[in-house]
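S.K.: One file: work-v6.txt (compact mmCIF, C-alpha atoms and all ligand atoms).
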```
# COMPACT_ATOMS: atom_id res chain seq x y z
CA MET A 1 19.27 50.12 -61.73
CA ILE A 2 21.77 50.02 -58.86
CA SER A 3 21.52 48.51 -55.38
CA VAL A 4 20.86 50.42 -52.17
CA ASP A 5 24.45 49.78 -51.06
CA GLU A 6 25.92 50.99 -54.37
CA ALA A 7 23.73 54.10 -54.25
CA ARG A 8 24.88 54.88 -50.71
CA GLU A 9 28.49 54.36 -51.68
CA ILE A 10 28.21 56.78 -54.62
CA ILE A 11 26.41 59.39 -52.50
CA LEU A 12 28.65 59.22 -49.45
CA GLY A 13 31.77 59.00 -51.61
CA SER A 14 30.98 62.36 -53.15
CA ILE A 15 30.08 64.28 -50.01
CA SER A 16 32.51 65.84 -47.52
CA PRO A 17 32.04 67.35 -44.08
CA LEU A 18 31.32 71.09 -44.01
CA ARG A 19 33.83 73.53 -42.49
CA GLY A 20 33.93 74.31 -38.80
CA GLU A 21 32.37 77.41 -37.25
CA LYS A 22 32.92 78.86 -33.80
CA VAL A 23 29.85 78.65 -31.62
CA SER A 24 29.25 79.46 -27.98
CA LEU A 25 29.69 76.36 -25.86
CA LEU A 26 26.05 75.45 -25.27
CA GLU A 27 25.31 75.77 -29.00
CA ALA A 28 27.72 72.91 -29.57
CA LEU A 29 25.45 70.36 -27.89
CA GLY A 30 24.69 67.48 -30.26
CA ARG A 31 27.10 68.76 -32.91
CA VAL A 32 30.47 67.41 -33.98
CA ILE A 33 33.55 69.19 -32.64
CA ALA A 34 35.82 70.25 -35.50
CA GLU A 35 39.06 70.93 -33.60
CA ASP A 36 41.33 69.11 -31.17
CA ILE A 37 40.82 70.58 -27.71
CA TYR A 38 43.74 70.77 -25.29
CA SER A 39 43.89 71.81 -21.66
CA LYS A 40 46.23 74.67 -20.80
CA ARG A 41 46.38 73.70 -17.14
CA ASP A 42 46.21 70.77 -14.76
CA LEU A 43 42.77 69.62 -13.62
CA PRO A 44 42.34 69.91 -10.74
CA PRO A 45 44.83 72.79 -10.70
CA VAL A 46 46.14 72.02 -7.17
CA ASN A 47 45.98 69.16 -4.65
CA ASN A 48 42.66 69.52 -2.84
CA SER A 49 40.33 67.84 -0.44
CA ALA A 50 37.74 65.29 -1.64
CA MET A 51 35.79 65.58 1.63
CA ASP A 52 34.70 67.92 4.37
CA GLY A 53 37.08 67.11 7.21
CA PHE A 54 40.62 67.80 8.42
CA ALA A 55 43.83 68.00 6.44
CA VAL A 56 46.62 66.20 8.32
CA ARG A 57 50.13 64.81 8.02
CA ALA A 58 49.36 61.09 7.69
CA GLU A 59 52.41 60.07 9.69
CA ASP A 60 51.12 61.97 12.73
CA THR A 61 48.31 59.41 12.99
CA TRP A 62 50.40 56.29 12.71
CA GLY A 63 50.06 54.21 15.85
CA ALA A 64 46.59 55.63 16.56
CA ALA A 65 43.98 53.06 17.66
CA VAL A 66 40.51 52.98 19.23
CA ASP A 67 41.99 52.66 22.71
CA LYS A 68 45.04 54.79 21.89
CA PRO A 69 43.76 57.95 20.14
CA VAL A 70 46.02 60.67 18.80
CA TRP A 71 45.29 64.35 19.47
CA LEU A 72 45.89 66.88 16.67
CA ARG A 73 45.71 70.64 17.07
CA VAL A 74 43.33 72.48 14.67
CA VAL A 75 45.32 75.54 13.64
CA ALA A 76 43.19 77.00 10.81
CA GLU A 77 40.15 76.58 8.61
CA VAL A 78 40.09 76.52 4.75
CA PRO A 79 36.80 77.00 2.89
CA ALA A 80 36.65 76.08 -0.82
CA GLY A 81 38.35 78.70 -3.00
CA VAL A 82 40.71 79.92 -0.27
CA VAL A 83 44.41 79.17 0.05
CA ILE A 84 46.12 79.29 3.44
CA ARG A 85 49.73 80.26 3.47
CA ARG A 86 50.68 78.13 6.44
CA THR A 87 52.72 74.94 6.37
CA LEU A 88 51.27 72.23 8.54
CA GLY A 89 53.62 71.37 11.42
CA LYS A 90 53.93 68.17 13.40
CA GLY A 91 50.75 67.37 15.34
CA GLU A 92 48.69 69.98 13.50
CA ALA A 93 45.47 69.73 11.48
CA VAL A 94 43.50 72.21 9.38
CA LYS A 95 39.73 72.14 9.05
CA ILE A 96 39.04 71.86 5.33
CA MET A 97 35.99 71.85 3.02
CA THR A 98 35.51 69.75 -0.10
CA GLY A 99 37.47 71.21 -3.01
CA ALA A 100 39.66 73.49 -0.86
CA PRO A 101 43.41 73.42 -1.61
CA LEU A 102 45.41 71.22 0.72
CA PRO A 103 47.81 73.27 2.86
CA GLU A 104 51.54 72.78 2.43
CA GLY A 105 52.73 69.80 4.52
CA ALA A 106 49.35 68.00 4.60
CA ASP A 107 49.08 64.72 2.68
CA ALA A 108 45.72 63.24 3.74
CA VAL A 109 42.22 64.19 4.79
CA ILE A 110 40.20 62.65 7.62
CA ARG A 111 36.46 62.88 7.18
CA LYS A 112 34.60 65.05 9.65
CA GLU A 113 32.40 62.11 10.74
CA GLU A 114 35.46 60.09 11.75
CA VAL A 115 36.86 62.39 14.40
CA GLU A 116 35.79 63.84 17.70
CA GLU A 117 36.16 67.62 17.86
CA ARG A 118 36.99 69.04 21.27
CA ASP A 119 37.88 72.70 21.76
CA GLU A 120 40.61 73.38 19.20
CA LYS A 121 41.56 69.71 18.89
CA ILE A 122 40.52 66.53 17.10
CA LEU A 123 40.78 63.00 18.32
CA VAL A 124 41.90 60.42 15.70
CA ARG A 125 41.34 56.71 16.43
CA ARG A 126 43.01 55.00 13.47
CA PRO A 127 46.14 55.41 11.34
CA ILE A 128 45.44 57.41 8.17
CA PRO A 129 47.17 56.32 4.93
CA PRO A 130 48.89 59.06 2.93
CA GLY A 131 46.71 60.28 0.04
CA LEU A 132 43.40 59.44 1.72
CA ASP A 133 40.64 61.65 0.27
CA VAL A 134 43.11 63.86 -1.58
CA ARG A 135 42.47 64.84 -5.17
CA TYR A 136 45.84 65.37 -6.79
CA ALA A 137 46.68 68.21 -9.16
CA GLY A 138 46.42 66.92 -12.74
CA GLU A 139 44.86 63.58 -11.77
CA ASP A 140 41.95 64.29 -14.14
CA VAL A 141 43.76 66.18 -16.90
CA ARG A 142 47.44 67.09 -17.35
CA ALA A 143 48.36 70.54 -18.62
CA GLY A 144 48.96 70.37 -22.38
CA SER A 145 47.05 67.14 -22.94
CA LEU A 146 44.37 66.45 -25.54
CA VAL A 147 40.97 66.32 -23.82
CA ILE A 148 38.62 66.04 -26.80
CA ALA A 149 39.60 64.83 -30.25
CA LYS A 150 38.27 66.37 -33.44
CA GLY A 151 35.25 64.39 -34.64
CA THR A 152 33.71 63.85 -31.21
CA THR A 153 30.01 64.54 -30.77
CA ALA A 154 29.38 67.07 -28.01
CA ARG A 155 27.28 65.49 -25.29
CA PRO A 156 26.84 67.10 -21.86
CA ALA A 157 30.06 65.29 -20.84
CA GLU A 158 32.07 67.02 -23.60
CA ILE A 159 30.43 70.35 -22.76
CA ALA A 160 31.55 69.81 -19.14
CA MET A 161 35.13 69.15 -20.25
CA CYS A 162 35.25 72.19 -22.58
CA ALA A 163 33.96 74.39 -19.77
CA ALA A 164 36.40 72.88 -17.26
CA VAL A 165 39.37 73.71 -19.51
CA GLY A 166 38.11 77.24 -20.03
CA ARG A 167 36.59 77.11 -23.51
CA SER A 168 33.52 79.31 -23.93
CA PHE A 169 33.59 78.91 -27.72
CA VAL A 170 34.39 75.80 -29.74
CA SER A 171 34.54 74.97 -33.41
CA VAL A 172 31.85 72.56 -34.67
CA HIS A 173 30.97 71.43 -38.18
CA GLN A 174 28.44 73.75 -39.82
CA ARG A 175 24.85 72.69 -40.20
CA PRO A 176 23.99 72.24 -43.90
CA ARG A 177 21.33 74.55 -45.34
CA VAL A 178 18.99 72.26 -47.22
CA THR A 179 16.74 73.71 -49.90
CA ILE A 180 13.51 71.80 -50.46
CA VAL A 181 11.49 71.90 -53.67
CA SER A 182 8.23 70.01 -54.25
CA THR A 183 7.42 69.41 -57.91
CA GLY A 184 3.97 68.64 -59.29
CA SER A 185 1.30 70.68 -61.04
CA GLU A 186 -1.34 68.92 -58.90
CA LEU A 187 0.05 70.34 -55.64
CA VAL A 188 -1.34 73.13 -53.46
CA GLU A 189 -0.06 74.58 -50.21
CA ILE A 190 -1.73 73.63 -46.91
CA ASP A 191 -3.80 76.82 -46.85
CA GLY A 192 -4.37 76.86 -50.61
CA GLU A 193 -7.65 76.26 -52.41
CA VAL A 194 -8.24 72.50 -52.33
CA SER A 195 -10.32 70.98 -55.13
CA PRO A 196 -10.75 67.22 -55.77
CA GLU A 197 -7.92 67.06 -58.29
CA LYS A 198 -5.48 68.86 -55.99
CA ILE A 199 -3.10 67.26 -53.48
CA ILE A 200 -1.78 69.16 -50.48
CA ASN A 201 1.99 69.46 -50.50
CA SER A 202 2.83 67.39 -47.45
CA ASN A 203 6.29 66.36 -48.67
CA SER A 204 7.87 69.78 -48.16
CA TYR A 205 6.85 69.65 -44.51
CA ALA A 206 7.79 66.02 -44.02
CA LEU A 207 11.21 66.60 -45.57
CA ALA A 208 11.80 69.86 -43.70
CA ALA A 209 10.93 68.07 -40.45
CA SER A 210 13.33 65.24 -41.26
CA VAL A 211 16.07 67.75 -42.12
CA LYS A 212 15.51 69.53 -38.81
CA ALA A 213 15.36 66.28 -36.87
CA CYS A 214 18.86 65.40 -38.02
CA GLY A 215 20.24 68.81 -37.09
CA ALA A 216 20.38 70.54 -40.50
CA ILE A 217 18.57 73.73 -41.56
CA PRO A 218 15.60 73.37 -43.92
CA VAL A 219 14.72 76.12 -46.40
CA MET A 220 11.36 75.42 -48.06
CA LEU A 221 11.17 76.83 -51.57
CA GLY A 222 7.57 75.68 -52.10
CA ILE A 223 5.79 74.09 -55.04
CA VAL A 224 7.03 74.06 -58.64
CA PRO A 225 4.75 73.07 -61.54
CA ASP A 226 5.94 70.39 -63.97
CA GLU A 227 7.42 72.91 -66.42
CA ARG A 228 11.01 72.59 -67.53
CA ASN A 229 11.91 76.29 -67.44
CA VAL A 230 10.41 76.90 -64.03
CA LEU A 231 12.07 73.78 -62.68
CA ARG A 232 15.46 74.82 -64.05
CA ARG A 233 15.12 78.30 -62.52
CA ILE A 234 14.14 76.98 -59.08
CA PHE A 235 16.94 74.42 -59.05
CA LEU A 236 19.49 77.15 -59.74
CA GLU A 237 17.99 79.11 -56.87
CA ALA A 238 18.09 75.97 -54.69
CA ALA A 239 21.79 75.52 -55.50
CA LYS A 240 22.51 78.44 -53.17
CA GLY A 241 22.12 75.93 -50.32
CA ASP A 242 24.52 73.17 -49.30
CA LEU A 243 22.22 70.38 -50.50
CA ILE A 244 19.01 70.25 -52.54
CA ILE A 245 16.07 67.92 -52.03
CA SER A 246 13.31 67.82 -54.60
CA SER A 247 10.31 65.54 -54.50
CA GLY A 248 8.25 64.20 -57.36
CA GLY A 249 8.85 64.07 -61.10
CA VAL A 250 11.58 61.41 -61.18
CA SER A 251 9.75 58.45 -62.70
CA VAL A 252 9.13 57.76 -66.38
CA GLY A 253 5.98 59.82 -66.95
CA ASP A 254 5.79 62.56 -69.60
CA TYR A 255 5.86 65.23 -66.90
CA ASP A 256 8.69 63.72 -64.91
CA LEU A 257 11.28 66.35 -65.78
CA VAL A 258 13.60 66.36 -62.79
CA LYS A 259 16.22 64.00 -64.17
CA GLU A 260 16.17 65.72 -67.55
CA VAL A 261 16.94 69.05 -65.94
CA MET A 262 19.65 67.31 -63.91
CA GLN A 263 21.27 66.21 -67.20
CA GLU A 264 21.51 69.70 -68.65
CA ALA A 265 24.68 71.80 -68.81
CA GLY A 266 26.18 72.60 -65.43
CA SER A 267 24.55 69.58 -63.86
CA GLU A 268 25.37 65.95 -63.40
CA LEU A 269 23.09 62.93 -62.98
CA LYS A 270 24.85 60.05 -61.22
CA PHE A 271 21.91 57.60 -61.13
CA TRP A 272 18.14 57.68 -61.12
CA ARG A 273 16.92 54.23 -60.17
CA VAL A 274 17.63 52.15 -57.07
CA ALA A 275 16.56 48.54 -56.49
CA MET A 276 14.36 49.23 -53.47
CA ARG A 277 10.72 49.48 -52.46
CA PRO A 278 9.28 51.87 -51.81
CA GLY A 279 11.39 54.48 -53.54
CA ARG A 280 12.69 52.93 -56.74
CA PRO A 281 12.88 56.14 -58.75
CA LEU A 282 15.54 58.16 -56.97
CA ALA A 283 17.85 60.55 -58.75
CA PHE A 284 21.15 61.76 -57.36
CA GLY A 285 23.50 64.25 -58.90
CA PHE A 286 24.87 67.77 -58.76
CA ILE A 287 23.63 71.17 -59.84
CA GLY A 288 26.34 73.82 -59.89
CA GLY A 289 28.43 71.50 -57.71
CA VAL A 290 25.70 71.17 -55.06
CA PRO A 291 24.38 67.67 -54.36
CA ILE A 292 20.75 67.17 -55.34
CA PHE A 293 18.43 64.34 -54.39
CA GLY A 294 15.43 63.86 -56.66
CA LEU A 295 13.16 61.88 -54.35
CA PRO A 296 9.95 60.23 -55.54
CA GLY A 297 6.69 62.11 -54.98
CA ASN A 298 4.76 59.47 -53.09
CA PRO A 299 4.94 60.54 -49.46
CA VAL A 300 6.18 57.24 -48.04
CA SER A 301 8.69 56.74 -50.85
CA SER A 302 10.19 60.15 -50.22
CA ALA A 303 10.29 59.58 -46.45
CA VAL A 304 11.97 56.17 -46.80
CA SER A 305 14.45 57.47 -49.38
CA PHE A 306 15.30 60.37 -47.09
CA GLU A 307 16.05 57.90 -44.29
CA GLN A 308 18.25 55.68 -46.42
CA PHE A 309 20.21 58.28 -48.37
CA VAL A 310 19.68 61.93 -47.46
CA ARG A 311 20.01 61.57 -43.70
CA PRO A 312 23.38 59.74 -43.95
CA ALA A 313 24.59 62.40 -46.42
CA LEU A 314 23.58 65.23 -44.07
CA ARG A 315 25.20 63.47 -41.14
CA LYS A 316 28.42 63.15 -43.12
CA MET A 317 28.29 66.90 -43.89
CA MET A 318 27.87 67.57 -40.17
CA GLY A 319 30.97 65.52 -39.39
CA PHE A 320 29.33 62.46 -37.82
CA LYS A 321 31.09 59.12 -38.16
CA GLU A 322 27.98 57.04 -37.47
CA LEU A 323 25.89 57.76 -40.53
CA LEU A 324 23.22 55.07 -40.45
CA ARG A 325 20.41 54.36 -38.04
CA PRO A 326 20.97 51.75 -35.37
CA VAL A 327 19.61 48.34 -36.37
CA VAL A 328 18.57 45.32 -34.30
CA ARG A 329 17.32 41.83 -35.09
CA ALA A 330 13.66 41.13 -34.42
CA VAL A 331 11.34 38.17 -34.85
CA VAL A 332 8.66 38.85 -37.43
CA GLU A 333 5.11 37.95 -36.36
CA GLU A 334 3.58 37.42 -39.80
CA ASP A 335 4.52 36.12 -43.26
CA ILE A 336 5.71 38.84 -45.65
CA GLU A 337 5.98 38.36 -49.41
CA LYS A 338 8.22 40.44 -51.64
CA SER A 339 9.82 40.57 -55.09
CA VAL A 340 13.31 39.18 -55.54
CA GLY A 341 15.94 41.75 -56.53
CA PHE A 342 14.64 44.65 -54.43
CA ARG A 343 15.44 45.65 -50.87
CA TYR A 344 12.21 46.28 -49.02
CA PHE A 345 11.66 48.83 -46.27
CA ILE A 346 8.43 47.91 -44.57
CA ARG A 347 6.72 50.07 -41.98
CA GLY A 348 6.59 48.13 -38.73
CA VAL A 349 5.76 48.33 -35.06
CA MET A 350 8.26 46.71 -32.78
CA ARG A 351 7.92 45.81 -29.13
CA GLU A 352 10.06 44.02 -26.60
CA GLU A 353 8.80 40.88 -24.95
CA GLY A 354 10.70 38.47 -22.73
CA GLY A 355 14.09 39.92 -23.69
CA ARG A 356 13.58 39.83 -27.46
CA TYR A 357 12.15 42.12 -30.07
CA LEU A 358 8.97 41.23 -31.94
CA VAL A 359 7.85 43.13 -35.01
CA LYS A 360 4.80 43.25 -37.25
CA THR A 361 3.81 45.42 -40.17
CA THR A 362 1.56 48.44 -39.73
CA GLY A 363 -0.84 47.31 -42.43
CA GLY A 364 -1.30 48.84 -45.91
CA GLN A 365 2.14 49.34 -47.45
CA GLY A 366 1.15 51.42 -50.47
CA SER A 367 3.70 54.18 -51.09
CA GLY A 368 1.03 56.82 -50.55
CA ILE A 369 -0.30 55.45 -47.24
CA ILE A 370 0.87 58.00 -44.66
CA SER A 371 -1.27 56.48 -41.89
CA SER A 372 0.86 53.33 -41.80
CA LEU A 373 3.95 55.51 -41.47
CA VAL A 374 2.32 57.26 -38.54
CA LYS A 375 1.85 53.91 -36.78
CA ALA A 376 5.42 52.77 -37.44
CA ASN A 377 8.32 52.96 -35.01
CA VAL A 378 10.72 50.96 -37.23
CA LEU A 379 11.43 50.00 -40.82
CA ILE A 380 11.72 46.26 -41.40
CA VAL A 381 14.58 45.75 -43.87
CA LEU A 382 14.20 42.71 -46.12
CA PRO A 383 17.18 41.72 -48.27
CA GLU A 384 17.18 41.62 -52.08
CA GLU A 385 17.46 37.84 -52.44
CA LYS A 386 14.40 36.99 -50.30
CA GLU A 387 11.03 36.17 -51.82
CA LEU A 388 9.18 35.28 -48.63
CA VAL A 389 9.85 35.92 -44.99
CA LYS A 390 8.04 33.44 -42.75
CA ARG A 391 6.48 34.23 -39.43
CA GLY A 392 9.03 33.46 -36.69
CA GLU A 393 12.07 34.34 -38.83
CA GLU A 394 14.55 36.95 -37.66
CA VAL A 395 14.75 40.16 -39.67
CA GLU A 396 16.76 43.36 -39.53
CA VAL A 397 14.92 46.35 -38.15
CA GLN A 398 15.90 50.02 -38.39
CA PHE A 399 14.86 52.34 -35.59
CA LEU A 400 12.96 55.46 -36.61
CA THR A 401 13.20 57.35 -33.32
CA ASP A 402 14.96 60.67 -32.98
CA ASP A 403 15.68 62.87 -30.04
CA TYR A 404 13.65 65.93 -30.92
CA SER A 405 15.11 67.92 -28.06
CA LEU A 406 17.85 69.04 -30.48
CA VAL A 407 15.43 70.37 -33.08
P1 LIG A 501 5.41 61.76 -58.85
O1 LIG A 501 6.60 61.10 -58.26
O2 LIG A 501 5.64 63.18 -59.23
O3 LIG A 501 4.85 60.95 -59.99
O4 LIG A 501 4.29 61.77 -57.72
C1 LIG A 501 3.64 60.61 -57.32
C2 LIG A 501 2.45 60.95 -56.45
O5 LIG A 501 2.92 61.44 -55.21
C3 LIG A 501 1.57 62.08 -56.98
O6 LIG A 501 0.52 61.57 -57.71
C4 LIG A 501 1.04 62.75 -55.75
O7 LIG A 501 -0.17 62.15 -55.36
C5 LIG A 501 2.07 62.44 -54.70
N1 LIG A 501 2.88 63.63 -54.42
C6 LIG A 501 3.81 64.17 -55.22
N2 LIG A 501 4.36 65.25 -54.65
C7 LIG A 501 3.78 65.36 -53.44
C8 LIG A 501 3.93 66.27 -52.36
N3 LIG A 501 4.80 67.28 -52.42
N4 LIG A 501 3.15 66.10 -51.26
C9 LIG A 501 2.27 65.08 -51.22
N5 LIG A 501 2.09 64.20 -52.19
C10 LIG A 501 2.83 64.33 -53.29
MG MG A 502 4.68 64.58 -60.27
```
Give the structure from this file in C-alpha cells form.

M.R.:
Amino acid sequence: MISVDEAREIILGSISPLRGEKVSLLEALGRVIAEDIYSKRDLPPVNNSAMDGFAVRAEDTWGAAVDKPVWLRVVAEVPAGVVIRRTLGKGEAVKIMTGAPLPEGADAVIRKEEVEERDEKILVRRPIPPGLDVRYAGEDVRAGSLVIAKGTTARPAEIAMCAAVGRSFVSVHQRPRVTIVSTGSELVEIDGEVSPEKIINSNSYALAASVKACGAIPVMLGIVPDERNVLRRIFLEAAKGDLIISSGGVSVGDYDLVKEVMQEAGSELKFWRVAMRPGRPLAFGFIGGVPIFGLPGNPVSSAVSFEQFVRPALRKMMGFKELLRPVVRAVVEEDIEKSVGFRYFIRGVMREEGGRYLVKTTGGQGSGIISSLVKANVLIVLPEEKELVKRGEEVEVQFLTDDYSLV
C-alpha cells in the first residue's frame, strides 16, 4: 500500500500535457494557451487622446491663470478613428474625441469641462503640462513584445489581449477524451429494469460530470459485467481515448477482475492500493499506453478518488500548472476519530463566521452514502498520523466548488 502523496507522484510523473490545437478565440476561454503570443504592432498604435477635449501645444498655455486666460483658436475637429493631416501651429487647438489620434504638433489634451468655448475659440485658465491626457503609442504593448506566455490560462483579460493584438485563433492544449466504464454484474442503466438486487449505475454519470466540470470530454461506454473477456474487450475499446476511468472491481473479491486485466500483456499495473479512506482500492496503470484509473465502485469512494487523482491528471493533460484544489484551514466543530496510517477525506460543510472558517461533517460517512456528498461543500483532509481530531482544532479543508459556466 502506498501513500496518497506517493500515488499522486507516480500518476503525475507519468502524464504529460496534450498537444495544442488551434481554436477560435472565444473557444479558448478557461483553457491553457499552448504558444507564446507576440504583438506585431504598438498598442496603442499611435499617440491618442485619453479624453474628450482639445489637443493643444502645452507651451501655448504656460503663463495662463484664472485672471489671465489664454485664448486658443480651434482649427479642426477629430472624431475617433480619423486622422487629420494638419500640424498644430502656435496658438491653435483641435477639438478631439477620446481615442482619436493626436494631430502632429500637439502634446497635451485639455478636458472639455475645463475650458470655455466661444465661437471658434477656447479659453484656458491654467498652464497645461506636456503629456496631460495623452495615451502614447506603445505605452501598453511594444511591437514585437511577448504579451502572453505559453502556459497561461485564458481568462477574459487574456482574450482581450489576444483580440487587441489581432489574434482570432490561438493554440490551446487539447481537452482529453476520457472513456468511462462501469464494471459490475449488479448494475443497470437509469432507465433499465430495476429489481431489488440491481443497483443503478450512478458512477458513470458522476464521473462524466466530474470530467466535464474540469474541462475534459467524457465518453460513457456503459456497464460491463464482471467477466474477464468482456472487460478486456471494453478496456481495449476504451484505450482509444486519452485516459480511461473504470469503476468497481478493484478490491479483493472473486469478481474483482480489473487489476488482473490490467496485468495482462500490453498493460501495466503501477499500484492498486492507496492508504486513504474512502477509496483504498485504487488501481493505476496503462492499457496500450493509455493511462487507466481503476476506481472503487462505492459512489463516494470513486468521487473522492477522482478528486484526489484523476482531476489533477486531467488538469496536467490540459496544461494547467495548478493541479490541486485550493485548500484553507478551518476550525472543526466536532471530534472526529480515525485510523492511524490512512489519510481521511471527510465530507464537510464549511461556513465563514467572524473572519474564520468553521467546518463540520455532513453526517454518515459510509462510502456508499451519496446524500452526505450532496450536503458537502468541502472535503476535510485528516493526516495519516492522526488518531483523533478534537473539536476546536484546525484542519485542512479542500474546496469542492467548480465554475460550471465552462461546462
Ligand atoms: P465494487 O468496488 O465493485 O466491489 O463495488 C462496491 C459497491 O459499489 C457495489 O456493491 C455497488 O453497490 C456499488 N457500485 C459499484 N459500481 C457502481 C456504479 N457504477 N454505480 C453505483 N454504485 C456502484
Ligand atoms: Mg463490483

S.K.: I want to know what sits within 8 Å of region 263-277 of chain A, based on all atoms listed in the file, with residues of the same chain fewer than 5 positions away left out; could you give that as a PyMOL selection string?

M.R.: chain A and resi 1-4+7+250+282-289+301+341-345

S.K.: Write out as CSV the residues of chain A that have any atom within 10 Å of an atom of ligand MG 502 (chain A), one row each with the nearest atom pair and its distance in Å to one decimal, counting all atoms listed in the file, sorted by chain and then rising number.

M.R.:
```
residue,atom,partner,partner_atom,distance
A:Ser182,CA,A:MG502,MG,8.9
A:Thr183,CA,A:MG502,MG,6.0
A:Gly184,CA,A:MG502,MG,4.2
A:Ser185,CA,A:MG502,MG,7.0
A:Glu186,CA,A:MG502,MG,7.5
A:Leu187,CA,A:MG502,MG,8.7
A:Val224,CA,A:MG502,MG,9.9
A:Pro225,CA,A:MG502,MG,8.6
A:Asp226,CA,A:MG502,MG,7.0
A:Ser247,CA,A:MG502,MG,8.1
A:Gly248,CA,A:MG502,MG,4.6
A:Gly249,CA,A:MG502,MG,4.3
A:Val250,CA,A:MG502,MG,7.6
A:Ser251,CA,A:MG502,MG,8.3
A:Gly253,CA,A:MG502,MG,8.3
A:Asp254,CA,A:MG502,MG,9.6
A:Tyr255,CA,A:MG502,MG,6.8
A:Asp256,CA,A:MG502,MG,6.2
A:Leu257,CA,A:MG502,MG,8.8
A:Val258,CA,A:MG502,MG,9.4
A:Pro296,CA,A:MG502,MG,8.3
A:Gly297,CA,A:MG502,MG,6.2
A:Asn298,CA,A:MG502,MG,8.8
```

S.K.: What box, with edges along x, y and z, holds each listed atom of ligand LIG 501 (chain A) when 3 Å is added on every side, and can you state its centre and edge lengths in Å to one decimal, as JSON?

M.R.:
```
{"center_x": 3.2, "center_y": 63.9, "center_z": -55.6, "size_x": 12.8, "size_y": 12.7, "size_z": 14.8}
```

S.K.: Show which residues sit within 10 Å of region 360-368 of chain A, as a ChimeraX atom specification. Count all atoms listed in the file, and ignore same-chain residues fewer than 5 positions away.

M.R.: /A:277-279,296-304,330-336,345-351,373-380,391

S.K.: Just how far from CA of Ala28 (chain A) is CA of Val170 (chain A), in Å to one decimal?

M.R.: 7.3 Å

S.K.: Which distance in Å separates CA of Ile128 (chain A) and CA of Thr61 (chain A), to one decimal?

M.R.: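 Atom-to-atom, CA of Ile128 (chain A) to CA of Thr61 (chain A), that is 6.0 Å.
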
S.K.: So how far away is atom N5 of ligand LIG 501 (chain A) from CA of Leu207 (chain A), in Å?

M.R.: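 It comes out at 11.5 Å.
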
S.K.: Show me, as an MDAnalysis selection string, the residues that have an atom within 9 Å of Leu314 (chain A) when counting all atoms listed in the file, minus same-chain residues fewer than 5 positions from it.

M.R.: chainID A and resid 15 17 175:176 178 211 214:216 243 309 319:320 323
